[in-house]
Amino acid sequence: MVGFGRWSAKTVALAGMVAAWAVGGSALTPARADGTGSATLDAAIKRGLVQCGVSGQVPGFSLPDSQGVMRGLDADTCRAITAAALGDANKVKFVPTTAQNRFTALQSGEIDVLSRSTTWTLGREGNLGLEFAWVNYYDGTGFLVKKSSGVKAAKDMDGATICVQPGTSTELAIQDYYRLHNMKFTPILIQELSEIQAAFLSGRCDAYSTDASALATFRFSQGPKAADLVLLPDIISKEPLGVMVRKGDDKWFDLVRWTFAAMIIAEEKGITQANIDTFADSKDPDIRRLLGLEGDMGKALGLDNRFAYNVIKAVGNLGEMWDRNITPMGVPRGINNIWTHGGLQYAPPMR
Amino acid sequence: MSDRTQPPAGLVGPIPWLRKNLFGSWISTAITLLLIYLIAKIVIALFAWGVVNAIWRVPYNQNGIAQTAICQDAKGLGACWAVIGDKYRLILFGRFPYDEQWRPAIVVVLFVALFVLSTIKAVWRKGIVSPAVRYIALAGAGLILLDNLAGLLETIAAVGFGQHLPLPFDLLAILNTVGKCLLIAGLLLLWPAIGVWVGTLALILVLMFGGILGLAPVAVDYWGGLPITLILATFGLAFAFPIAVLVALGRRSTQLPAVKMLCVVYVELIRGVPLISVLFMASVMFPLFMPPGINVDKLLRAQIAVILFAAAYLAEVVRGGLQALPKGQTEAADAMGLSYWQKTAFIILPQALRLVIPPLVNTFIGFFKDTSLVLIIGLFDLLTMGKIALSDPPWQSFSTEVYITLAAIYIVFCYGMSRYSRGLEQELNKARGR
């Protein structure tokens, strides 16, 4: 049995060595709360990073460009919040999340804020231990049809076949709408985006339904053929897409909310990323408070007084964010404009 | 030795072969001609689409947005390879910082080199077996374990009691690195193949993570594309295989009923659920059970899920090989007085494993492709990066070109695996052919 002993000792030692290597990275990193102000903000400052959950797959909202840099409205929202929290928009870490794991990621602290085109509903706010800080896009379910079909409104579409992605809120919205109006429709459920679009273009279904923003983007991507497609005027559901934070960290909630307010006030006052420095000697008290030249607005939130300046310098005002990300998709601003231009984005005064 | 008589002229060579096999009767002549016509037609059409009428470049407007109108016009007539030109780095390397993408590029090269090196027989020979070398490797492992032990204690103290331990963590981290170097050096000398594998995989992790040697740290969330696919598949199978062998042996054990029970439960439990649900548990359920503030890395979670899954399937393949061996082999080994481990290592496993090379490689190839399921937990592998590249509005309608490219990459790796396995089979089963 001598041979056995020698062999086994060596084997066990080698197995142990490899196992030691396997756990060598020490995957567990404990976070330590200091217990002052916002726990989320403290952790972000300590880390030097704000972890922001995005989709990473939706053009106009969050999608890596050819260089791998995350672009879009949701991505810029993350940058704005990071600029407010840490003073530097580059200290953001984009964490791709899926429709399934997004809430878990926020609940478990894997991300600090979720900016992933998430519809603000009572169920989500009531059940998940999470809350919506602001709406960065007011969307709704719409229909895209071919011009040749002659359909002018959703009520013309009794008995239509409609292409929908399964498991989305769109599917539920259409069901509700057709039930309410006592009409019938045949859903064609296709998971893959490119396939659903090909099915619609080839005439497998009479209409393609999803969020109006995505429909407008798809229509726009058709180039010269866009004129053959009509986006129906009916928007059959409300889809306010919001930014979520964990409940129980009110200071962090305030930070996210007032980041948006600052961008809206900047647009009201005509302050842009490019011209912000020319307002340094402004006499307007609102502008002076916004830019941290007087009052202790930032301090009240537990931030630098120049937090709004940092936000605007990094991503511009709300309108610039829209123009950079959504306008190229061919979507008109409509109700997403600020209130002075007939939209819904209204900021409480900063004083 | 007598001179072999050549068959009469007109019975060997390509022309008689053609006459015999393709133009033997009027039916087979007709079918041959029809097939030649069809193949020629398809090849010409593909060539016209993929090369002659293909569009390789599109103009960009002043905002850097691709103007794909010429590609839209050519749709159906010619391929739009411009989409690959625009997106290949995104597809291959994901969101890895653009200026640092030479790192994942080297990682891919390292993986390929590792696979090629592993096919060379000399690498698998035994190295220098001496106590000194063994002690070097053991000392290295000891240093690594020491650091991990300290880290574990610190984690327990921090999470459980909110205390910090007065331990020299900087020194321990340095000792850990020294330990890793010693371990690799020792392994290289002991068993070159294992040393090469451990060393290369360590180098790959260093390149991907960064943070030392002046490399900028890159979080796992920024990894994507081909390296994710290769890491999940290679690490997954490399760790799963030894586990699989142990589980297969355990399941056939006659003297350890508890171990046998455990192995049966493990295999049946894992085989009973889809990989997606295991990944889903790892990403959605697992974090909820952890104490607040502790996050186990997403990639690590997925990697462990893949290892556990692959091990269960491989274990059954290995067990198939064990079953196939005649009982006489075991009895003969017993008669020679070999211990259980000697018998298993030198008599049973070498024969059993060479019997199951085809199903083993089958499982390997299957798992290489299954890694794309990690999409559902927010990790973007090669296939998913292709889809993301296709989400960009100007390029949305050119999925054929992207999927053809992705298929080509998958075929290169999978076909490479199957070629290697055929070579291995012929090499190892020479005895049977005689």
# chains A, B, ... in the order shown; residues from 1 in each chain; ligands from 1
$ select_by_dssp --residues "stretch 6-147 of chain B" --states "helix (DSSP H, G or I)" --output "VMD selection string"
chain B and resid 14 to 21 26 to 52 69 to 73 82 to 93 98 to 100 102 to 118 121 to 124 131 to 147
$ closest_atom_pairs --of "chain B" --to "chain A" --cutoff "6 Å" --atoms "only C-alpha atoms" --output "Markdown table"
| residue | atom | partner | partner_atom | distance |
| --- | --- | --- | --- | --- |
| B:Lys87 | CA | A:Ser66 | CA | 5.4 |
| B:Leu90 | CA | A:Ser66 | CA | 5.7 |
| B:Arg95 | CA | A:Gly68 | CA | 4.1 |
| B:Tyr98 | CA | A:Gln67 | CA | 5.7 |
| B:Ala141 | CA | A:Met17 | CA | 5.1 |
| B:Leu145 | CA | A:Ala20 | CA | 5.9 |
| B:Asp221 | CA | A:Val95 | CA | 5.7 |
| B:Val284 | CA | A:Asn101 | CA | 5.6 |
| B:Gly293 | CA | A:Ala31 | CA | 5.0 |
| B:Ile294 | CA | A:Pro30 | CA | 5.4 |
| B:Val296 | CA | A:Leu28 | CA | 5.9 |
| B:Gly378 | CA | A:Thr97 | CA | 5.0 |
| B:Ile388 | CA | A:Gln57 | CA | 5.7 |
| B:Asp392 | CA | A:Pro59 | CA | 5.9 |
| B:Pro393 | CA | A:Ser221 | CA | 5.5 |
| B:Pro394 | CA | A:Ser221 | CA | 5.9 |
$ write_last_selection --atoms "C-alpha atoms" --output "PDB file, in the first residue's frame"
ATOM      1  CA  LYS B  87     -19.532  46.504 -35.831  1.00  0.00           C
ATOM      2  CA  LEU B  90     -18.424  45.493 -30.797  1.00  0.00           C
ATOM      3  CA  ARG B  95     -18.254  47.018 -24.365  1.00  0.00           C
ATOM      4  CA  TYR B  98     -12.190  50.714 -26.969  1.00  0.00           C
ATOM      5  CA  ALA B 141      -0.641  26.766  -2.833  1.00  0.00           C
ATOM      6  CA  LEU B 145      -4.684  29.507   0.857  1.00  0.00           C
ATOM      7  CA  ASP B 221     -19.976  44.218 -16.719  1.00  0.00           C
ATOM      8  CA  VAL B 284     -32.459  36.226  -9.631  1.00  0.00           C
ATOM      9  CA  GLY B 293     -23.907  44.376   0.702  1.00  0.00           C
ATOM     10  CA  ILE B 294     -22.479  41.090  -0.488  1.00  0.00           C
ATOM     11  CA  VAL B 296     -21.036  37.567  -5.814  1.00  0.00           C
ATOM     12  CA  GLY B 378     -27.415  40.108 -18.541  1.00  0.00           C
ATOM     13  CA  ILE B 388     -27.022  44.147 -30.011  1.00  0.00           C
ATOM     14  CA  ASP B 392     -28.608  49.918 -34.067  1.00  0.00           C
ATOM     15  CA  PRO B 393     -31.321  51.498 -36.253  1.00  0.00           C
ATOM     16  CA  PRO B 394     -29.233  52.019 -39.447  1.00  0.00           C
TER      17      PRO B 394
END
$ residues_around --residues "B:Ala238" --least-positions-apart "2" --cutoff "12 Å" --atoms "only C-alpha atoms" --output "mmCIF file with N, CA and C atoms, in the first residue's frame"
data_model
loop_
_atom_site.group_PDB
_atom_site.id
_atom_site.type_symbol
_atom_site.label_atom_id
_atom_site.label_comp_id
_atom_site.auth_asym_id
_atom_site.auth_seq_id
_atom_site.Cartn_x
_atom_site.Cartn_y
_atom_site.Cartn_z
ATOM 1 N N VAL A 18 -5.217 23.321 -7.143
ATOM 2 C CA VAL A 18 -6.106 23.861 -8.172
ATOM 3 C C VAL A 18 -7.333 24.491 -7.533
ATOM 4 N N ALA A 22 -8.810 28.238 -7.696
ATOM 5 C CA ALA A 22 -10.164 28.554 -8.148
ATOM 6 C C ALA A 22 -10.809 29.615 -7.276
ATOM 7 N N PHE B 115 -5.577 25.847 -27.043
ATOM 8 C CA PHE B 115 -6.228 24.682 -27.641
ATOM 9 C C PHE B 115 -5.262 23.962 -28.583
ATOM 10 N N ILE B 194 -0.622 20.661 -17.403
ATOM 11 C CA ILE B 194 -1.459 21.333 -16.405
ATOM 12 C C ILE B 194 -0.894 22.716 -16.104
ATOM 13 N N TRP B 197 -1.904 25.040 -18.837
ATOM 14 C CA TRP B 197 -3.325 25.411 -18.713
ATOM 15 C C TRP B 197 -3.527 26.419 -17.595
ATOM 16 N N VAL B 198 -3.028 26.108 -16.406
ATOM 17 C CA VAL B 198 -3.244 27.008 -15.269
ATOM 18 C C VAL B 198 -2.609 28.366 -15.559
ATOM 19 N N LEU B 201 -4.630 30.277 -18.311
ATOM 20 C CA LEU B 201 -5.916 30.754 -17.812
ATOM 21 C C LEU B 201 -5.709 31.909 -16.833
ATOM 22 N N LEU B 230 -15.684 32.105 -24.775
ATOM 23 C CA LEU B 230 -14.536 31.214 -24.577
ATOM 24 C C LEU B 230 -14.275 30.964 -23.101
ATOM 25 N N ILE B 231 -14.392 32.015 -22.275
ATOM 26 C CA ILE B 231 -14.130 31.850 -20.838
ATOM 27 C C ILE B 231 -15.156 30.898 -20.243
ATOM 28 N N LEU B 232 -16.440 31.145 -20.504
ATOM 29 C CA LEU B 232 -17.471 30.285 -19.910
ATOM 30 C C LEU B 232 -17.295 28.843 -20.358
ATOM 31 N N ALA B 233 -17.026 28.637 -21.650
ATOM 32 C CA ALA B 233 -16.923 27.271 -22.153
ATOM 33 C C ALA B 233 -15.649 26.602 -21.644
ATOM 34 N N THR B 234 -14.499 27.283 -21.731
ATOM 35 C CA THR B 234 -13.233 26.653 -21.381
ATOM 36 C C THR B 234 -13.136 26.396 -19.880
ATOM 37 N N PHE B 235 -13.353 27.445 -19.079
ATOM 38 C CA PHE B 235 -13.296 27.254 -17.630
ATOM 39 C C PHE B 235 -14.363 26.247 -17.214
ATOM 40 N N GLY B 236 -15.542 26.361 -17.820
ATOM 41 C CA GLY B 236 -16.639 25.465 -17.469
ATOM 42 C C GLY B 236 -16.252 24.023 -17.675
ATOM 43 N N ALA B 240 -15.402 21.210 -15.016
ATOM 44 C CA ALA B 240 -16.481 20.217 -14.958
ATOM 45 C C ALA B 240 -15.940 18.807 -15.162
ATOM 46 N N PHE B 241 -14.904 18.660 -16.004
ATOM 47 C CA PHE B 241 -14.452 17.313 -16.357
ATOM 48 C C PHE B 241 -13.954 16.513 -15.153
ATOM 49 N N PRO B 242 -13.029 17.066 -14.337
ATOM 50 C CA PRO B 242 -12.605 16.292 -13.160
ATOM 51 C C PRO B 242 -13.766 15.974 -12.225
ATOM 52 N N ILE B 243 -14.685 16.957 -12.046
ATOM 53 C CA ILE B 243 -15.845 16.692 -11.191
ATOM 54 C C ILE B 243 -16.659 15.545 -11.774
ATOM 55 N N ALA B 244 -16.814 15.583 -13.113
ATOM 56 C CA ALA B 244 -17.616 14.562 -13.774
ATOM 57 C C ALA B 244 -17.031 13.173 -13.544
ATOM 58 N N VAL B 245 -15.694 13.055 -13.648
ATOM 59 C CA VAL B 245 -15.058 11.748 -13.451
ATOM 60 C C VAL B 245 -15.322 11.252 -12.030
ATOM 61 N N GLN B 303 -20.661 31.128 -14.211
ATOM 62 C CA GLN B 303 -19.616 30.128 -14.436
ATOM 63 C C GLN B 303 -19.854 28.892 -13.572
ATOM 64 N N ILE B 304 -20.208 29.124 -12.306
ATOM 65 C CA ILE B 304 -20.453 27.985 -11.412
ATOM 66 C C ILE B 304 -21.661 27.200 -11.895
ATOM 67 N N VAL B 306 -22.671 26.899 -14.967
ATOM 68 C CA VAL B 306 -22.258 26.128 -16.157
ATOM 69 C C VAL B 306 -21.444 24.909 -15.737
ATOM 70 N N ILE B 307 -20.512 25.105 -14.766
ATOM 71 C CA ILE B 307 -19.675 23.981 -14.315
ATOM 72 C C ILE B 307 -20.548 22.872 -13.743
ATOM 73 N N LEU B 308 -21.469 23.230 -12.830
ATOM 74 C CA LEU B 308 -22.320 22.219 -12.205
ATOM 75 C C LEU B 308 -23.140 21.485 -13.257
ATOM 76 N N ALA B 310 -22.540 21.225 -16.642
ATOM 77 C CA ALA B 310 -21.729 20.420 -17.559
ATOM 78 C C ALA B 310 -21.253 19.160 -16.847
ATOM 79 N N ALA B 311 -20.889 19.281 -15.553
ATOM 80 C CA ALA B 311 -20.354 18.134 -14.822
ATOM 81 C C ALA B 311 -21.371 17.009 -14.759
ATOM 82 N N LEU B 314 -21.505 15.400 -18.261
ATOM 83 C CA LEU B 314 -20.273 14.669 -18.554
ATOM 84 C C LEU B 314 -20.168 13.422 -17.681
ATOM 85 N N PHE B 364 -19.101 18.630 -25.160
ATOM 86 C CA PHE B 364 -18.268 19.838 -25.182
ATOM 87 C C PHE B 364 -18.837 20.842 -26.176
ATOM 88 N N PHE B 367 -22.055 22.400 -25.043
ATOM 89 C CA PHE B 367 -21.913 23.428 -24.020
ATOM 90 C C PHE B 367 -21.272 24.691 -24.549
#
$ closest_residue --among "A:Phe185, A:Gly159, A:Leu291, A:Ala214" --to "A:Thr278" --atoms "only C-alpha atoms"
A:Leu291
$ select_by_dssp --residues "stretch 106-329 of chain A" --states "strand (DSSP E)" --output "ChimeraX atom specification"
/A:113-119,130-139,141-146,160-164,185-189,207-211,229-231,239-246
$ residues_around --residues "stretch 129-134 of chain A" --least-positions-apart "3" --cutoff "9 Å" --atoms "only C-alpha atoms" --output "MDAnalysis selection string"
chainID A and resid 103 106:107 120 124:126 241:248 253:254 256:257 260
$ write_last_selection --atoms "N, CA and C atoms" --output "PDB file, in the first residue's frame"
ATOM      1  N   PHE A 103     -35.145  44.127 -11.185  1.00  0.00           N
ATOM      2  CA  PHE A 103     -35.571  44.539  -9.842  1.00  0.00           C
ATOM      3  C   PHE A 103     -34.701  43.870  -8.782  1.00  0.00           C
ATOM      4  N   LEU A 106     -31.512  45.749  -8.294  1.00  0.00           N
ATOM      5  CA  LEU A 106     -31.638  46.966  -7.486  1.00  0.00           C
ATOM      6  C   LEU A 106     -31.865  46.601  -6.018  1.00  0.00           C
ATOM      7  N   GLN A 107     -32.729  45.609  -5.771  1.00  0.00           N
ATOM      8  CA  GLN A 107     -33.011  45.207  -4.390  1.00  0.00           C
ATOM      9  C   GLN A 107     -31.750  44.719  -3.693  1.00  0.00           C
ATOM     10  N   TRP A 120     -43.777  52.965 -14.846  1.00  0.00           N
ATOM     11  CA  TRP A 120     -44.164  53.295 -13.476  1.00  0.00           C
ATOM     12  C   TRP A 120     -45.581  52.805 -13.252  1.00  0.00           C
ATOM     13  N   ARG A 124     -45.690  47.849  -9.146  1.00  0.00           N
ATOM     14  CA  ARG A 124     -44.249  47.821  -8.972  1.00  0.00           C
ATOM     15  C   ARG A 124     -43.825  48.647  -7.762  1.00  0.00           C
ATOM     16  N   GLU A 125     -44.459  49.815  -7.593  1.00  0.00           N
ATOM     17  CA  GLU A 125     -44.047  50.657  -6.477  1.00  0.00           C
ATOM     18  C   GLU A 125     -44.522  50.079  -5.152  1.00  0.00           C
ATOM     19  N   GLY A 126     -45.677  49.382  -5.194  1.00  0.00           N
ATOM     20  CA  GLY A 126     -46.232  48.861  -3.951  1.00  0.00           C
ATOM     21  C   GLY A 126     -45.581  47.569  -3.485  1.00  0.00           C
ATOM     22  N   LEU A 241     -42.071  55.911 -18.482  1.00  0.00           N
ATOM     23  CA  LEU A 241     -40.849  55.142 -18.228  1.00  0.00           C
ATOM     24  C   LEU A 241     -39.994  55.906 -17.220  1.00  0.00           C
ATOM     25  N   GLY A 242     -39.743  55.286 -16.090  1.00  0.00           N
ATOM     26  CA  GLY A 242     -39.140  56.019 -14.987  1.00  0.00           C
ATOM     27  C   GLY A 242     -37.800  55.482 -14.521  1.00  0.00           C
ATOM     28  N   VAL A 243     -37.244  56.238 -13.584  1.00  0.00           N
ATOM     29  CA  VAL A 243     -35.963  55.898 -12.970  1.00  0.00           C
ATOM     30  C   VAL A 243     -36.251  55.425 -11.560  1.00  0.00           C
ATOM     31  N   MET A 244     -35.758  54.232 -11.217  1.00  0.00           N
ATOM     32  CA  MET A 244     -36.097  53.627  -9.927  1.00  0.00           C
ATOM     33  C   MET A 244     -34.931  53.628  -8.944  1.00  0.00           C
ATOM     34  N   VAL A 245     -35.269  53.804  -7.666  1.00  0.00           N
ATOM     35  CA  VAL A 245     -34.281  53.658  -6.594  1.00  0.00           C
ATOM     36  C   VAL A 245     -34.895  52.781  -5.501  1.00  0.00           C
ATOM     37  N   ARG A 246     -34.051  52.367  -4.552  1.00  0.00           N
ATOM     38  CA  ARG A 246     -34.554  51.571  -3.432  1.00  0.00           C
ATOM     39  C   ARG A 246     -35.333  52.460  -2.468  1.00  0.00           C
ATOM     40  N   LYS A 247     -36.397  51.925  -1.854  1.00  0.00           N
ATOM     41  CA  LYS A 247     -37.085  52.655  -0.795  1.00  0.00           C
ATOM     42  C   LYS A 247     -36.203  52.690   0.451  1.00  0.00           C
ATOM     43  N   GLY A 248     -36.369  53.744   1.233  1.00  0.00           N
ATOM     44  CA  GLY A 248     -35.651  53.792   2.496  1.00  0.00           C
ATOM     45  C   GLY A 248     -34.370  54.587   2.440  1.00  0.00           C
ATOM     46  N   PHE A 253     -32.981  59.288  -3.179  1.00  0.00           N
ATOM     47  CA  PHE A 253     -34.172  59.590  -3.965  1.00  0.00           C
ATOM     48  C   PHE A 253     -34.178  61.083  -4.325  1.00  0.00           C
ATOM     49  N   ASP A 254     -33.917  61.950  -3.319  1.00  0.00           N
ATOM     50  CA  ASP A 254     -33.884  63.404  -3.559  1.00  0.00           C
ATOM     51  C   ASP A 254     -32.859  63.750  -4.634  1.00  0.00           C
ATOM     52  N   VAL A 256     -31.714  61.977  -7.121  1.00  0.00           N
ATOM     53  CA  VAL A 256     -32.157  61.621  -8.471  1.00  0.00           C
ATOM     54  C   VAL A 256     -33.240  62.593  -8.930  1.00  0.00           C
ATOM     55  N   ARG A 257     -34.207  62.878  -8.040  1.00  0.00           N
ATOM     56  CA  ARG A 257     -35.311  63.759  -8.414  1.00  0.00           C
ATOM     57  C   ARG A 257     -34.809  65.150  -8.768  1.00  0.00           C
ATOM     58  N   PHE A 260     -33.097  65.703 -12.177  1.00  0.00           N
ATOM     59  CA  PHE A 260     -34.027  65.974 -13.287  1.00  0.00           C
ATOM     60  C   PHE A 260     -34.535  67.407 -13.209  1.00  0.00           C
TER      61      PHE A 260
END
$ residues_around --residues "stretch 138-147 of chain A" --least-positions-apart "4" --cutoff "8 Å" --atoms "only C-alpha atoms" --output "MDAnalysis selection string"
chainID A and resid 151 154 170 173 206:213 215 227:241 335:336
$ residues_around --residues "B:Asp86" --least-positions-apart "6" --cutoff "12 Å" --atoms "only C-alpha atoms" --output "MDAnalysis selection string"
(chainID A and resid 65:68) or (chainID B and resid 56:60 64:68 80 92 386 389:390 392 394:395 402)
$ write_last_selection --atoms "N, CA and C atoms" --output "mmCIF file, in the first residue's frame"
data_model
loop_
_atom_site.group_PDB
_atom_site.id
_atom_site.type_symbol
_atom_site.label_atom_id
_atom_site.label_comp_id
_atom_site.auth_asym_id
_atom_site.auth_seq_id
_atom_site.Cartn_x
_atom_site.Cartn_y
_atom_site.Cartn_z
ATOM 1 N N ASP A 65 -22.533 51.870 -28.833
ATOM 2 C CA ASP A 65 -22.239 52.234 -30.215
ATOM 3 C C ASP A 65 -21.109 51.344 -30.732
ATOM 4 N N SER A 66 -20.606 51.644 -31.943
ATOM 5 C CA SER A 66 -19.605 50.752 -32.543
ATOM 6 C C SER A 66 -18.320 50.708 -31.736
ATOM 7 N N GLN A 67 -18.090 51.735 -30.883
ATOM 8 C CA GLN A 67 -16.905 51.731 -30.020
ATOM 9 C C GLN A 67 -17.185 51.083 -28.665
ATOM 10 N N GLY A 68 -18.423 50.623 -28.468
ATOM 11 C CA GLY A 68 -18.768 49.989 -27.201
ATOM 12 C C GLY A 68 -19.168 50.963 -26.108
ATOM 13 N N TRP B 56 -19.315 46.775 -49.480
ATOM 14 C CA TRP B 56 -18.301 46.638 -48.425
ATOM 15 C C TRP B 56 -18.188 47.888 -47.573
ATOM 16 N N ARG B 57 -18.702 48.997 -48.067
ATOM 17 C CA ARG B 57 -18.475 50.253 -47.360
ATOM 18 C C ARG B 57 -19.696 51.147 -47.548
ATOM 19 N N VAL B 58 -20.064 51.887 -46.519
ATOM 20 C CA VAL B 58 -21.140 52.872 -46.696
ATOM 21 C C VAL B 58 -20.624 54.229 -46.235
ATOM 22 N N PRO B 59 -21.195 55.317 -46.768
ATOM 23 C CA PRO B 59 -20.773 56.647 -46.310
ATOM 24 C C PRO B 59 -21.344 56.960 -44.926
ATOM 25 N N TYR B 60 -20.704 57.891 -44.241
ATOM 26 C CA TYR B 60 -21.183 58.333 -42.930
ATOM 27 C C TYR B 60 -21.513 59.817 -43.012
ATOM 28 N N GLY B 64 -21.481 61.071 -37.828
ATOM 29 C CA GLY B 64 -20.922 59.734 -37.685
ATOM 30 C C GLY B 64 -21.970 58.645 -37.774
ATOM 31 N N ILE B 65 -23.178 58.964 -38.280
ATOM 32 C CA ILE B 65 -24.211 57.939 -38.411
ATOM 33 C C ILE B 65 -24.138 57.341 -39.812
ATOM 34 N N ALA B 66 -24.134 56.012 -39.868
ATOM 35 C CA ALA B 66 -23.974 55.334 -41.149
ATOM 36 C C ALA B 66 -25.178 55.577 -42.055
ATOM 37 N N GLN B 67 -24.918 55.879 -43.309
ATOM 38 C CA GLN B 67 -25.990 56.075 -44.285
ATOM 39 C C GLN B 67 -26.142 54.777 -45.069
ATOM 40 N N THR B 68 -27.126 53.964 -44.671
ATOM 41 C CA THR B 68 -27.201 52.619 -45.222
ATOM 42 C C THR B 68 -28.167 52.523 -46.398
ATOM 43 N N CYS B 80 -24.510 43.092 -47.431
ATOM 44 C CA CYS B 80 -24.027 44.376 -46.944
ATOM 45 C C CYS B 80 -22.965 44.082 -45.885
ATOM 46 N N LEU B 92 -17.105 41.286 -31.374
ATOM 47 C CA LEU B 92 -16.064 40.410 -30.827
ATOM 48 C C LEU B 92 -15.762 40.718 -29.371
ATOM 49 N N GLY B 386 -23.859 40.126 -31.261
ATOM 50 C CA GLY B 386 -24.323 40.245 -32.642
ATOM 51 C C GLY B 386 -25.717 40.845 -32.700
ATOM 52 N N ALA B 389 -25.528 44.517 -31.891
ATOM 53 C CA ALA B 389 -25.043 45.279 -33.043
ATOM 54 C C ALA B 389 -26.178 45.496 -34.034
ATOM 55 N N LEU B 390 -27.074 44.516 -34.119
ATOM 56 C CA LEU B 390 -28.194 44.625 -35.061
ATOM 57 C C LEU B 390 -29.301 45.538 -34.558
ATOM 58 N N ASP B 392 -28.905 48.557 -33.640
ATOM 59 C CA ASP B 392 -28.608 49.918 -34.067
ATOM 60 C C ASP B 392 -29.489 50.243 -35.283
ATOM 61 N N PRO B 394 -29.638 52.080 -38.038
ATOM 62 C CA PRO B 394 -29.233 52.019 -39.447
ATOM 63 C C PRO B 394 -28.980 50.590 -39.934
ATOM 64 N N TRP B 395 -28.618 49.697 -39.023
ATOM 65 C CA TRP B 395 -28.211 48.355 -39.435
ATOM 66 C C TRP B 395 -29.267 47.297 -39.155
ATOM 67 N N VAL B 402 -24.756 39.424 -40.394
ATOM 68 C CA VAL B 402 -24.173 39.259 -39.053
ATOM 69 C C VAL B 402 -24.253 37.799 -38.612
#
$ residues_around --residues "B:Val206" --least-positions-apart "3" --cutoff "12 Å" --atoms "only C-alpha atoms" --output "list in words"
Gly25 of chain A; Arg103, Pro104, Ile106, Val107, Thr177, Gly199, Thr200, Leu201, Ala202, Leu203, Phe209, Gly210, Gly211, Ile212, Leu213, Gly214, Leu215, Ala216, Pro217 and Val218 of chain B
$ atom_distance --atom1 "atom CA of A:Ile174" --atom2 "atom CA of A:Asp158"
12.0 Å
$ decode --residues "stretch 99-117 of chain B" --atoms "C-alpha atoms" --output "short mmCIF file (atom, residue, chain, number, x, y, z; two decimals), in the first residue's frame"
data_model
loop_
_atom_site.label_atom_id
_atom_site.label_comp_id
_atom_site.auth_asym_id
_atom_site.auth_seq_id
_atom_site.Cartn_x
_atom_site.Cartn_y
_atom_site.Cartn_z
CA ASP B 99 -8.55 51.65 -26.37
CA GLU B 100 -7.99 48.54 -24.26
CA GLN B 101 -9.48 46.08 -26.75
CA TRP B 102 -6.04 44.69 -27.57
CA ARG B 103 -6.41 42.84 -24.25
CA PRO B 104 -9.44 40.71 -25.19
CA ALA B 105 -7.83 40.28 -28.63
CA ILE B 106 -4.76 38.73 -26.98
CA VAL B 107 -7.07 36.66 -24.77
CA VAL B 108 -8.73 35.14 -27.83
CA VAL B 109 -5.31 34.41 -29.35
CA LEU B 110 -4.21 32.84 -26.04
CA PHE B 111 -7.27 30.60 -25.97
CA VAL B 112 -6.64 29.44 -29.52
CA ALA B 113 -2.94 28.88 -28.75
CA LEU B 114 -3.91 26.91 -25.64
CA PHE B 115 -6.23 24.68 -27.64
CA VAL B 116 -3.62 24.14 -30.37
CA LEU B 117 -0.87 23.47 -27.82
#
